[in-house]
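Asker: Sharing a structure below in structure tokens format, with a few things to ask.
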Amino acid sequence: MNVRILYLDDDPAIARLVQKALGRHGHSVSHAEDLERALGLLASETFDVIVLDHYLSNMTGHDVLTHLRGRHIMTPVVYVTGSNEARIAIEAIKAGASDYVIKTTSEDFLSLLESAIRQSVENARLREAKVKAEEEIRLGKERAEALLSEVNHRVANSLALVASLLRLQIANARSDEVKAELTETQARITAIAGMHRSLYTSEDVSRVDMKIYIANLVREIGGSLANPDRPIALSVDAEPISLSADRAVSIGMIVTELVTNAVKYAYPERGDGEIRVRLRHTEPGHALLTVEDDGIGISPDAAPKGTGLGSRIIKSMAATLGDGLAYEDVAAGTVARVPIDLSR
């Protein structure tokens with residue numbers, strides 16, 4: 001390994017000795033007797049390492065280190081000092097030197113100096129490679145996130161188009177049963193589209209802020225199921241819990257089914273009513289989703305109304321989130337509970 005060395009020492013005899021010894025190892029050594037000469041060489045040539053003696057004619061090696069770092073010259077520095085001055089060398093390390101060598105008159109000095117130079121250069125190259133690799137990883141992550149955001153954007157737009165087509169089909173359907181089934185399908189598609197929309201509008205394209213997602217989802221469900229003759233009030237109380245995309249869409253589907261069922265069946269004899277959606281932390285690592293109303297109530301053992309697809313969706317997705325769906329035993333209305341294990 002040929003190393004380009006800048007040797008900064010005001011003793012020309014020592015400099016010649018170092019040049020000769022390191023030259024035998026295949027290294028090239030340029031000598032500077034003071035900071036001004038060293039800066040001139042650094043401006044015109046490229047060096048792998050600087051060997052810096054502590055005692056110079058008009059300043060110390062510590063002063064030189066301060067000047068170099070102040071000019072953002074980050075070339076690794078091997079610090080050279082006297083045999084009884086280890087404290088000075090340690091202070092140089094704290095100031096940014098890569099290594100130090102104690103100067104002696106023995107042959108060991110030159111051998112240790114060459115070893116320290118090699119080690120400092122290798123460490124510097126490893127650090128540079130690490131920084132380059134980390135930068136490549138960062139750029140790759142940014143490109144992947146940008147691509148994923150664009151995919152989520154396109155998927156959300158495509159699903160929104162499908163939902164719009166379903167709305168047209170609903171408006172033209174002659175059968176009330178067909179209209180009801182298409183409306184439920186539209187709501188399910190809206191839940192998935194909303195999740196993708198949350199992803200591409202978020203800073204983290206892999207996580208969904210459930211507070212924003214559920215609020216938007218319930219508002220869209222309310223708009224699609226709105227009936228002037230039966231003004232059902234929908235409210236949301238959700239904490240900003242962050243979940244992965246697959247778990248977010250499970251909760252979105254559950255909310256869609258439970259809210260849709262409540263709108264259709266909770267208040268059959270009343271012209272108005274309220275449906276409340278809550279998502280709260282219950283204890284560390286756990287949260288609870290509840291959808292409740294003050295309507296006629298539900299028997300957990302009752303056969304599902306309609307095709308039963310909605311009930312199967314709720315139970316299947318709730319089981320992936322935690323302990324599954326449960327209904328509270330309340331005097332009036334219905335309270336559906338879905339525990340969520342946030343550690344999964």
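Ordered as shown in the structure tokens, chains take letters A, B, and onward, while each chain numbers its residues from 1 and ligands are numbered from 1 in the order shown.
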Which stretch 278-318 of chain A residues have any atom within 7 Å of an atom of stretch 329-343 of chain A, and for each, what is the nearest pair of atoms with distance in Å to one decimal, counting only C-alpha atoms, rows sorted by chain and number, as CSV?
Answerer:
```
residue,atom,partner,partner_atom,distance
A:Gly285,CA,A:Leu342,CA,5.0
A:His286,CA,A:Asp341,CA,4.9
A:Ala287,CA,A:Ile340,CA,5.1
A:Leu288,CA,A:Pro339,CA,4.5
A:Leu289,CA,A:Val338,CA,5.0
A:Thr290,CA,A:Arg337,CA,4.6
A:Val291,CA,A:Ala336,CA,5.3
A:Glu292,CA,A:Val335,CA,4.2
A:Asp293,CA,A:Gly333,CA,5.3
A:Asp294,CA,A:Gly333,CA,3.9
A:Gly295,CA,A:Gly333,CA,4.4
A:Ile296,CA,A:Gly333,CA,5.4
A:Gly297,CA,A:Gly333,CA,4.2
A:Ile298,CA,A:Thr334,CA,6.2
A:Ala318,CA,A:Val338,CA,6.2
```
Asker: In Å, how far is it from atom CA of A:Glu257 to atom CA of A:Ile313?
Answerer: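 These two atoms are separated by 8.0 Å.
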Asker: For a quick check of understanding, using only C-alpha atoms, which of A:Asn216, A:Thr282, A:Ser206, A:Thr190 has the smallest distance to A:Asp246?
Answerer: A:Ser206
Asker: At what distance in Å, to one decimal, does atom CA of A:His281 lie from atom CA of A:Ile241?
Answerer: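 Between these atoms lies a distance of 8.2 Å.
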